[in-house]
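J.: Can you read through this structure? Questions will come right after.
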Amino acid sequence: MLAVMEPSRPTFEPAGAGMLLSATTAASVGVGALVGWAAGSVGYGILGGAVVGVPAGIVAVYFRYRESLS
């Protein structure tokens, strides 16, 4: 007879999660730099992009890998 098989869980890939985190943060820093350049202070724009980008990257990783983390 056939054995009952459970559906396989998605696997967590640490390298993929790190790349997603760094890409999201870098994109946010880049947008922040552009906004800061338009406003007259690139440094503050980069800082603001980093402050927004790190939590945004964490949320992106969570939504991408939420099935494998539960």
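Ligands are numbered from 1 in the order shown, residues from 1 within each chain, and chains are lettered A, B, ... in the order they appear in the structure tokens.
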Write out as a PDB file with N, CA and C atoms, in the first residue's frame the residues lying within 10 Å of Arg9 (chain A), counting only C-alpha atoms and excluding same-chain residues fewer than 4 positions away.
T.:
```pdb
ATOM      1  N   GLU A  67       6.416  30.683   5.977  1.00  0.00           N
ATOM      2  CA  GLU A  67       5.991  29.292   6.084  1.00  0.00           C
ATOM      3  C   GLU A  67       7.090  28.412   6.681  1.00  0.00           C
ATOM      4  N   SER A  68       8.324  28.687   6.357  1.00  0.00           N
ATOM      5  CA  SER A  68       9.407  27.851   6.870  1.00  0.00           C
ATOM      6  C   SER A  68       9.811  28.239   8.281  1.00  0.00           C
ATOM      7  N   LEU A  69       9.424  29.426   8.752  1.00  0.00           N
ATOM      8  CA  LEU A  69       9.775  29.860  10.099  1.00  0.00           C
ATOM      9  C   LEU A  69       8.771  29.415  11.155  1.00  0.00           C
ATOM     10  N   SER A  70       7.602  28.991  10.736  1.00  0.00           N
ATOM     11  CA  SER A  70       6.583  28.604  11.731  1.00  0.00           C
ATOM     12  C   SER A  70       6.687  27.158  12.129  1.00  0.00           C
TER      13      SER A  70
END
```
J.: List as a list in words the protein and nucleic acid residues near Arg66 (chain A), meaning an atom at most 12 Å away when only C-alpha atoms are counted, but skip any in the same chain fewer than 3 places from it.
T.: Arg9, Pro10, Thr11, Phe12, Glu13, Ala17, Ile58, Val59, Ala60, Val61, Tyr62, Phe63, Leu69 and Ser70 of chain A
J.: Write the residues of the selection above to a file with C-alpha atoms, as a PDB file, in the first residue's frame.
T.:
```
ATOM      1  CA  ARG A   9       7.735  22.446   4.157  1.00  0.00           C
ATOM      2  CA  PRO A  10       9.544  25.198   2.320  1.00  0.00           C
ATOM      3  CA  THR A  11      13.164  25.371   3.336  1.00  0.00           C
ATOM      4  CA  PHE A  12      14.806  28.370   4.927  1.00  0.00           C
ATOM      5  CA  GLU A  13      17.809  29.600   2.964  1.00  0.00           C
ATOM      6  CA  ALA A  17      17.422  35.761   3.450  1.00  0.00           C
ATOM      7  CA  ILE A  58      13.277  42.358   8.232  1.00  0.00           C
ATOM      8  CA  VAL A  59       9.617  42.508   7.226  1.00  0.00           C
ATOM      9  CA  ALA A  60      10.499  41.436   3.665  1.00  0.00           C
ATOM     10  CA  VAL A  61      12.435  38.411   4.957  1.00  0.00           C
ATOM     11  CA  TYR A  62       9.588  37.497   7.294  1.00  0.00           C
ATOM     12  CA  PHE A  63       6.978  37.609   4.534  1.00  0.00           C
ATOM     13  CA  LEU A  69       9.775  29.860  10.099  1.00  0.00           C
ATOM     14  CA  SER A  70       6.583  28.604  11.731  1.00  0.00           C
TER      15      SER A  70
END
```
J.: How many Å separate CA of Val29 (chain A) from CA of Val51 (chain A)?
T.: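 Here the two named atoms are 8.6 Å from each other.
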J.: Which residues in chain A does DSSP call alpha helix (DSSP H)? List them as a ChimeraX atom specification.
T.: /A:14-39,42-69
J.: So which one's closest to Ala27 (chain A), A:Arg64, A:Ile46, A:Gly40, A:Pro14? Using only C-alpha atoms, please.
T.: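 For Ala27 (chain A), the nearest of the candidates is A:Ile46.
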J.: When you look at Gly30 (chain A) with a cut-off of 10 Å (counting only C-alpha atoms), what residues show up, excluding the ones that are within fewer than 2 positions of it in the same chain? I need them as a PyMOL selection string.
T.: chain A and resi 24-28+32-36+45-46+49-50+53
J.: What is the CA of Met19 (chain A) to CA of Ser41 (chain A) distance in Å?
T.: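 Value for the CA of Met19 (chain A)-CA of Ser41 (chain A) distance: 28.2 Å.
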